[in-house]
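K.L.:
File model_36.cif follows (mmCIF, C-alpha atoms):
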```
data_final
#
loop_
_atom_site.label_atom_id
_atom_site.label_comp_id
_atom_site.auth_asym_id
_atom_site.auth_seq_id
_atom_site.Cartn_x
_atom_site.Cartn_y
_atom_site.Cartn_z
CA MET A 1 -36.00 -163.92 53.74
CA THR A 2 -36.30 -162.16 57.03
CA GLU A 3 -32.83 -160.73 56.78
CA ASP A 4 -32.97 -157.02 57.19
CA ARG A 5 -29.58 -156.02 55.92
CA ILE A 6 -27.65 -155.52 52.74
CA GLU A 7 -24.08 -156.75 52.46
CA LYS A 8 -21.62 -156.08 49.66
CA ARG A 9 -17.98 -156.86 49.12
CA ILE A 10 -15.96 -155.38 46.36
CA GLU A 11 -12.26 -155.52 45.50
CA LEU A 12 -10.75 -152.24 44.46
CA GLN A 13 -7.44 -151.96 42.69
CA ALA A 14 -6.31 -148.98 44.67
CA PRO A 15 -4.44 -148.51 47.95
CA VAL A 16 -6.46 -148.40 51.16
CA SER A 17 -5.47 -144.75 51.63
CA ARG A 18 -7.00 -143.87 48.25
CA VAL A 19 -10.26 -145.67 49.03
CA TRP A 20 -10.41 -144.08 52.47
CA ARG A 21 -10.18 -140.66 50.85
CA ALA A 22 -12.91 -141.47 48.33
CA LEU A 23 -15.18 -142.52 51.20
CA THR A 24 -14.50 -139.82 53.73
CA ASP A 25 -13.63 -136.71 51.76
CA TYR A 26 -17.07 -135.18 51.46
CA ARG A 27 -16.48 -133.95 47.91
CA GLU A 28 -15.23 -137.30 46.68
CA PHE A 29 -18.00 -139.12 48.51
CA GLY A 30 -20.50 -136.82 46.84
CA GLU A 31 -19.09 -137.57 43.43
CA TRP A 32 -19.76 -141.30 43.44
CA PHE A 33 -22.73 -141.28 45.81
CA ARG A 34 -24.30 -138.40 43.90
CA VAL A 35 -24.94 -135.95 46.67
CA LYS A 36 -23.71 -132.40 47.24
CA LEU A 37 -22.68 -132.19 50.87
CA ASP A 38 -22.49 -128.95 52.84
CA GLY A 39 -19.23 -129.78 54.57
CA PRO A 40 -16.73 -132.38 55.81
CA PHE A 41 -17.72 -135.50 57.75
CA VAL A 42 -17.15 -135.22 61.49
CA PRO A 43 -17.91 -138.12 63.87
CA GLY A 44 -20.99 -137.42 65.98
CA GLN A 45 -22.15 -134.62 63.75
CA VAL A 46 -24.94 -134.30 61.26
CA SER A 47 -24.01 -134.26 57.61
CA ARG A 48 -26.42 -132.45 55.33
CA GLY A 49 -26.69 -132.07 51.62
CA GLN A 50 -28.73 -132.39 48.51
CA ILE A 51 -28.99 -135.31 46.12
CA THR A 52 -27.49 -134.43 42.73
CA TYR A 53 -28.98 -137.15 40.61
CA PRO A 54 -31.02 -135.50 37.84
CA GLY A 55 -34.68 -135.47 38.70
CA TYR A 56 -33.98 -135.88 42.42
CA GLU A 57 -32.35 -132.61 43.30
CA HIS A 58 -35.17 -131.88 45.71
CA VAL A 59 -34.27 -134.89 47.84
CA LYS A 60 -32.31 -134.00 50.93
CA TRP A 61 -29.49 -136.00 52.39
CA GLU A 62 -29.14 -136.19 56.14
CA ALA A 63 -26.86 -138.53 58.02
CA VAL A 64 -25.10 -138.67 61.37
CA VAL A 65 -21.47 -139.70 61.12
CA GLN A 66 -20.79 -142.50 63.60
CA LYS A 67 -17.25 -143.80 63.28
CA MET A 68 -14.19 -142.72 61.40
CA GLU A 69 -11.35 -145.08 62.21
CA PRO A 70 -8.72 -144.10 59.64
CA GLU A 71 -8.37 -146.57 56.79
CA ARG A 72 -10.46 -149.15 58.68
CA LEU A 73 -14.04 -148.15 59.33
CA PHE A 74 -16.38 -145.39 58.23
CA SER A 75 -20.02 -145.48 59.32
CA PHE A 76 -23.06 -143.29 59.44
CA THR A 77 -26.74 -143.53 60.21
CA TRP A 78 -28.89 -142.33 57.42
CA LYS A 79 -32.34 -140.88 57.20
CA VAL A 80 -33.39 -141.28 53.68
CA ASP A 81 -35.67 -138.32 53.32
CA PRO A 82 -35.63 -136.26 56.52
CA LYS A 83 -38.27 -133.91 55.19
CA ILE A 84 -41.00 -136.53 55.43
CA ASP A 85 -40.60 -137.58 58.98
CA SER A 86 -37.95 -136.25 61.29
CA LYS A 87 -38.53 -139.07 63.76
CA GLU A 88 -37.76 -141.78 61.28
CA THR A 89 -35.25 -144.28 62.60
CA PRO A 90 -32.26 -144.32 60.29
CA THR A 91 -30.47 -147.31 58.87
CA LEU A 92 -26.81 -147.86 59.68
CA VAL A 93 -24.32 -147.85 56.81
CA GLU A 94 -20.82 -149.23 57.46
CA PHE A 95 -17.80 -149.32 55.20
CA ARG A 96 -14.96 -151.60 56.30
CA LEU A 97 -11.60 -151.57 54.56
CA GLU A 98 -9.03 -154.33 54.39
CA LYS A 99 -5.68 -154.32 52.67
CA ILE A 100 -5.31 -157.17 50.16
CA ALA A 101 -2.61 -158.04 47.61
CA SER A 102 -4.46 -156.40 44.72
CA GLY A 103 -5.39 -153.28 46.67
CA THR A 104 -8.38 -152.92 48.97
CA LEU A 105 -11.28 -155.11 49.98
CA LEU A 106 -14.32 -152.98 50.77
CA LEU A 107 -17.14 -154.45 52.85
CA LEU A 108 -20.38 -152.53 52.94
CA THR A 109 -23.38 -153.22 55.16
CA GLU A 110 -26.65 -151.36 55.49
CA SER A 111 -28.78 -152.61 58.37
CA GLY A 112 -31.79 -151.71 60.49
CA PHE A 113 -34.60 -151.97 57.98
CA ASP A 114 -36.84 -153.34 60.72
CA LYS A 115 -36.48 -150.37 63.05
CA ILE A 116 -38.75 -147.89 61.37
CA PRO A 117 -41.97 -147.40 63.31
CA GLY A 118 -45.00 -148.84 61.65
CA ASP A 119 -48.14 -146.78 61.54
CA ARG A 120 -46.51 -143.52 60.70
CA GLY A 121 -44.64 -145.39 58.04
CA LEU A 122 -47.63 -146.48 56.09
CA GLU A 123 -49.00 -143.00 56.20
CA ALA A 124 -45.75 -141.57 54.89
CA PHE A 125 -45.78 -144.14 52.15
CA ARG A 126 -49.17 -143.07 50.94
CA ARG A 127 -48.26 -139.44 51.07
CA ASN A 128 -45.10 -140.00 49.14
CA ASP A 129 -46.44 -142.28 46.48
CA GLY A 130 -47.69 -139.52 44.22
CA GLY A 131 -44.32 -137.84 44.40
CA TRP A 132 -42.60 -140.94 43.21
CA THR A 133 -44.80 -141.23 40.13
CA GLU A 134 -43.86 -137.66 39.36
CA GLN A 135 -40.20 -138.44 39.72
CA MET A 136 -40.43 -141.36 37.33
CA LYS A 137 -41.66 -138.93 34.72
CA ASN A 138 -38.71 -136.65 35.39
CA ILE A 139 -36.36 -139.52 34.85
CA GLU A 140 -38.04 -140.53 31.66
CA SER A 141 -37.79 -137.07 30.19
CA TYR A 142 -34.21 -136.75 31.31
CA VAL A 143 -33.26 -140.00 29.63
CA ALA A 144 -35.18 -139.02 26.50
CA GLN A 145 -33.27 -135.75 26.26
CA ARG A 146 -29.95 -137.44 26.54
CA SER A 147 -30.56 -140.16 24.01
CA MET B 1 -26.85 -144.78 45.29
CA SER B 2 -29.25 -141.94 45.70
CA HIS B 3 -30.67 -142.12 42.26
CA LYS B 4 -33.85 -143.79 41.16
CA GLY B 5 -35.33 -141.86 43.99
CA ARG B 6 -34.04 -142.51 47.38
CA SER B 7 -37.36 -140.97 48.29
CA SER B 8 -39.11 -143.84 46.64
CA ILE B 9 -36.83 -146.12 48.54
CA ALA B 10 -37.67 -144.20 51.68
CA ALA B 11 -41.32 -144.69 51.09
CA LYS B 12 -40.91 -148.37 50.47
CA ARG B 13 -38.67 -148.78 53.42
CA ARG B 14 -41.27 -147.20 55.64
CA ALA B 15 -43.92 -149.39 54.16
CA HIS B 16 -41.96 -152.57 54.75
CA ALA B 17 -40.43 -151.83 58.10
CA PRO B 18 -43.43 -153.10 60.08
CA ALA B 19 -43.26 -156.39 58.22
CA PHE B 20 -39.54 -156.70 58.86
CA ALA B 21 -40.18 -155.95 62.50
CA ALA B 22 -43.05 -158.41 62.70
CA LEU B 23 -40.76 -161.16 61.53
CA GLY B 24 -38.00 -160.23 63.94
CA ASP B 25 -39.37 -162.60 66.57
CA GLU B 26 -38.75 -166.30 66.91
CA THR B 27 -42.29 -167.31 67.87
CA ARG B 28 -43.74 -165.46 64.93
CA LEU B 29 -41.21 -167.01 62.58
CA VAL B 30 -42.26 -170.45 63.80
CA LEU B 31 -45.90 -169.56 63.20
CA VAL B 32 -45.11 -168.32 59.71
CA ALA B 33 -43.15 -171.50 59.01
CA LYS B 34 -46.16 -173.58 60.01
CA LEU B 35 -48.59 -171.53 57.99
CA CYS B 36 -46.59 -171.08 54.82
CA ALA B 37 -47.08 -174.73 54.00
CA GLY B 38 -50.43 -173.51 52.73
CA GLN B 39 -53.12 -174.94 55.02
CA PRO B 40 -55.07 -172.54 57.21
CA HIS B 41 -54.63 -173.41 60.91
CA SER B 42 -56.81 -172.78 63.90
CA ILE B 43 -55.37 -171.19 67.04
CA SER B 44 -55.61 -174.56 68.83
CA GLN B 45 -53.57 -176.22 66.10
CA LEU B 46 -50.99 -173.50 66.28
CA THR B 47 -50.83 -173.64 70.06
CA LYS B 48 -50.28 -177.39 70.09
CA GLY B 49 -46.66 -178.29 70.77
CA SER B 50 -45.85 -174.76 71.87
CA LYS B 51 -44.98 -173.71 75.39
CA LEU B 52 -46.99 -170.57 74.93
CA THR B 53 -50.58 -170.04 75.93
CA ARG B 54 -53.40 -169.67 73.50
CA GLN B 55 -53.59 -165.98 74.39
CA ALA B 56 -49.92 -165.45 73.66
CA ILE B 57 -50.17 -167.22 70.30
CA THR B 58 -53.22 -165.16 69.43
CA LYS B 59 -51.32 -161.98 70.19
CA HIS B 60 -48.48 -162.99 67.89
CA LEU B 61 -50.95 -163.89 65.15
CA ARG B 62 -52.52 -160.45 65.44
CA VAL B 63 -49.13 -158.84 64.94
CA LEU B 64 -48.61 -160.87 61.77
CA GLU B 65 -52.12 -160.05 60.67
CA SER B 66 -51.55 -156.33 61.16
CA VAL B 67 -48.82 -156.35 58.52
CA GLY B 68 -50.72 -158.63 56.17
CA ILE B 69 -48.48 -161.68 56.47
CA VAL B 70 -51.40 -163.76 57.72
CA HIS B 71 -55.14 -163.39 57.35
CA SER B 72 -57.83 -164.80 59.56
CA VAL B 73 -60.74 -166.58 58.03
CA ARG B 74 -63.80 -167.33 60.12
CA THR B 75 -65.38 -170.70 59.77
CA GLY B 76 -68.33 -171.04 62.08
CA ARG B 77 -67.20 -170.07 65.56
CA GLU B 78 -63.58 -170.64 64.84
CA SER B 79 -60.93 -168.37 63.37
CA ARG B 80 -58.39 -169.96 61.10
CA PHE B 81 -55.24 -168.26 60.02
CA GLU B 82 -53.69 -168.49 56.60
CA PHE B 83 -50.43 -167.28 55.14
CA ASP B 84 -50.25 -164.49 52.55
CA PRO B 85 -46.94 -164.49 50.67
CA GLU B 86 -47.28 -161.02 49.21
CA PRO B 87 -45.78 -158.81 51.94
CA MET B 88 -42.71 -161.00 52.13
CA GLU B 89 -42.29 -160.93 48.38
CA GLU B 90 -42.60 -157.16 48.48
CA MET B 91 -39.96 -156.95 51.22
CA LYS B 92 -37.63 -159.03 49.12
CA LYS B 93 -38.20 -156.83 46.08
CA TYR B 94 -37.49 -153.78 48.15
CA LEU B 95 -34.21 -155.14 49.50
CA ASP B 96 -33.25 -156.15 45.97
CA LEU B 97 -33.81 -152.57 44.86
CA VAL B 98 -31.65 -151.13 47.64
CA SER B 99 -29.05 -153.76 46.85
CA GLU B 100 -29.00 -152.81 43.18
CA GLN B 101 -28.56 -149.15 44.05
CA TRP B 102 -25.53 -149.99 46.16
CA ASP B 103 -24.09 -152.00 43.28
CA GLN B 104 -24.36 -148.97 41.06
CA ALA B 105 -22.89 -146.61 43.64
CA LEU B 106 -20.00 -148.96 44.39
CA SER B 107 -19.25 -149.34 40.72
CA ARG B 108 -18.96 -145.55 40.49
CA LEU B 109 -16.66 -145.64 43.51
CA LYS B 110 -14.54 -148.28 41.79
CA THR B 111 -14.19 -146.14 38.69
CA LEU B 112 -13.21 -143.18 40.83
CA VAL B 113 -10.46 -144.86 42.83
CA GLU B 114 -9.03 -147.00 40.05
CA ASN B 115 -8.55 -144.16 37.58
#
```
Any chance you could give the structure as structure tokens?
P.N.:
Amino acid sequence: MTEDRIEKRIELQAPVSRVWRALTDYREFGEWFRVKLDGPFVPGQVSRGQITYPGYEHVKWEAVVQKMEPERLFSFTWKVDPKIDSKETPTLVEFRLEKIASGTLLLLTESGFDKIPGDRGLEAFRRNDGGWTEQMKNIESYVAQRS
Amino acid sequence: MSHKGRSSIAAKRRAHAPAFAALGDETRLVLVAKLCAGQPHSISQLTKGSKLTRQAITKHLRVLESVGIVHSVRTGRESRFEFDPEPMEEMKKYLDLVSEQWDQALSRLKTLVEN
């Protein structure tokens, strides 16, 4: 239970080159991740954008691209909501690609959930809690409109 | 991912990080393992069989106490420590939530590349 990482593996029926593009082209990434990014991913540079999921458009995206090894590894560190605390330690997200007979095996890990400093954290949690309740309402009304 | 409020996720992540960190230590894990059997233990009981000093054990217990994983109960002149499962259950729930969000995001990715 003390594990502090998420691991996923998924088989995709598409060539590695196609998956690589969906991960690293900032427009395609934004489409499935639901974020509007300001520009292309560049290793070592900050990637900024805005979440596009209805009800969450106010949430900012901020990541630092770590590695882009073509068709093998794409990774970034991710601050979930940079607005709240700029000193927050990010988690590390890694996508690893492997060619398999049916297409591509994608391995995802998100790690580092234990690295976020404590005291400030609890404070941020309290501050943010009201906002979350608000957002739940937004979601509810959005879903109601669509149904 | 993103949806269902990454900001909610952010908040939860911040809230749980200290607990994750508290458990990222072998001595503390051993202490938790002893205590989660249910019986409150005194510091002497917890120090027994360990190479660490009473002071060192106490320090580790205080770390666990600060994130709510253990509580101290005073009986007479002695402090006993007992396990509280709630923070660890909360941590698990939180990771489950992040995990579910990735499932959803990856399923959108799958649709994108396979069509």
K.L.:
Running the PyMOL selection byres ((chain A and resi 63) around 12) on this model by hand, what would come out? Give it as a PyMOL selection string.
P.N.:
chain A and resi 35+37-38+41-50+60-62+64-66+75-82+86+88-93
K.L.:
With all atoms listed in the file as the basis for distance, which of B:Thr27, B:Ser72, B:Gln104, B:Thr47 is at the shortest distance from chain A?
P.N.:
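Nearest to chain A: B:Gln104.
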K.L.:
For a test of reading the model, state the distance in Å between CA of Glu90 (chain B) and CA of His41 (chain B), rounded to one decimal.
P.N.:
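Interatomic distance, CA of Glu90 (chain B) to CA of His41 (chain B): 23.7 Å.
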K.L.:
Taking (-45.4, -155.3, 52.2) in the coordinates of the supplied file, I want to know which residues reach to within 7 Å of it, counting only C-alpha atoms; could you give the answer as a ChimeraX atom specification?
P.N.:
/B:15-16,19,86-88,90-91
K.L.:
Let's have the selection written as a PDB file, in the coordinates of the input, with C-alpha atoms.
P.N.:
```pdb
ATOM      1  CA  ALA B  15     -43.920-149.390  54.160  1.00  0.00           C
ATOM      2  CA  HIS B  16     -41.960-152.570  54.750  1.00  0.00           C
ATOM      3  CA  ALA B  19     -43.260-156.390  58.220  1.00  0.00           C
ATOM      4  CA  GLU B  86     -47.280-161.020  49.210  1.00  0.00           C
ATOM      5  CA  PRO B  87     -45.780-158.810  51.940  1.00  0.00           C
ATOM      6  CA  MET B  88     -42.710-161.000  52.130  1.00  0.00           C
ATOM      7  CA  GLU B  90     -42.600-157.160  48.480  1.00  0.00           C
ATOM      8  CA  MET B  91     -39.960-156.950  51.220  1.00  0.00           C
TER       9      MET B  91
END
```
K.L.:
Go ahead and compute the interatomic distance for CA of Glu114 (chain B) and CA of Tyr53 (chain A), in Å to one decimal.
P.N.:
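Atom-to-atom, CA of Glu114 (chain B) and CA of Tyr53 (chain A) are spaced 22.3 Å apart.
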K.L.:
Could you state the separation of CA of Cys36 (chain B) and CA of Arg62 (chain B) in Å, given to one decimal place?
P.N.:
16.2 Å
K.L.:
Which residue is closest to Leu112 (chain B)? Choose from A:Trp32, A:Tyr26, A:Phe95, A:Phe74 and count all atoms listed in the file.
P.N.:
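Counting all atoms listed in the file, the residue closest to Leu112 (chain B) is A:Trp32.
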K.L.:
With only C-alpha atoms as the basis for distance, which of A:Phe113, A:Lys99, A:Glu71, A:Arg9 is at the shortest distance from chain B?
P.N.:
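The answer is A:Phe113, which sits nearest to chain B.
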K.L.:
Residue by residue, what does the PyMOL selection byres ((chain A and resi 98) around 10) grab here? Present the result as a ChimeraX atom specification.
P.N.:
/A:11,15-16,71-73,96-97,99-100,103-107
K.L.:
Give me the residues within 7 Å of region 76-85 of chain B as a list of chain:residue names, counting all atoms listed in the file and dropping any in the same chain fewer than 4 places off.
P.N.:
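Contacts, with the query itself left out: B:Leu35, B:Cys36, B:Gly38, B:Gln39, B:Pro40, B:His41, B:Ser42, B:Ile43, B:Gly68, B:Ile69, B:Val70, B:His71, B:Ser72, B:Glu89.
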K.L.:
Under the rule that all atoms listed in the file are counted, which of A:Glu69, A:Val59, A:Gly30, A:Ser102 is the nearest residue to chain B?
P.N.:
A:Val59
K.L.:
So, with all atoms listed in the file as the atoms that count, which of A:Ile6, A:Leu108, A:His58, A:Thr52 lies closest to Leu23 (chain A)?
P.N.:
A:Leu108
K.L.:
I'd like to see the residues matched by the PyMOL selection byres ((chain B and resi 115) around 12) on this file, and ideally I'd get them as a PyMOL selection string.
P.N.:
(chain A and resi 12-15+18-19+22) or (chain B and resi 108-114)
K.L.:
Would you mind exporting C-alpha atoms of the selected residues as a PDB file, keeping the file's coordinate frame?
P.N.:
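Output contents, as saved in result_18.pdb:
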```
ATOM      1  CA  LEU A  12     -10.750-152.240  44.460  1.00  0.00           C
ATOM      2  CA  GLN A  13      -7.440-151.960  42.690  1.00  0.00           C
ATOM      3  CA  ALA A  14      -6.310-148.980  44.670  1.00  0.00           C
ATOM      4  CA  PRO A  15      -4.440-148.510  47.950  1.00  0.00           C
ATOM      5  CA  ARG A  18      -7.000-143.870  48.250  1.00  0.00           C
ATOM      6  CA  VAL A  19     -10.260-145.670  49.030  1.00  0.00           C
ATOM      7  CA  ALA A  22     -12.910-141.470  48.330  1.00  0.00           C
TER       8      ALA A  22
ATOM      9  CA  ARG B 108     -18.960-145.550  40.490  1.00  0.00           C
ATOM     10  CA  LEU B 109     -16.660-145.640  43.510  1.00  0.00           C
ATOM     11  CA  LYS B 110     -14.540-148.280  41.790  1.00  0.00           C
ATOM     12  CA  THR B 111     -14.190-146.140  38.690  1.00  0.00           C
ATOM     13  CA  LEU B 112     -13.210-143.180  40.830  1.00  0.00           C
ATOM     14  CA  VAL B 113     -10.460-144.860  42.830  1.00  0.00           C
ATOM     15  CA  GLU B 114      -9.030-147.000  40.050  1.00  0.00           C
TER      16      GLU B 114
END
```
K.L.:
When distances are computed from only C-alpha atoms, which of A:Glu110, A:Phe29, A:Pro70, A:Lys36 shows the smallest separation from Tyr56 (chain A)?
P.N.:
A:Lys36
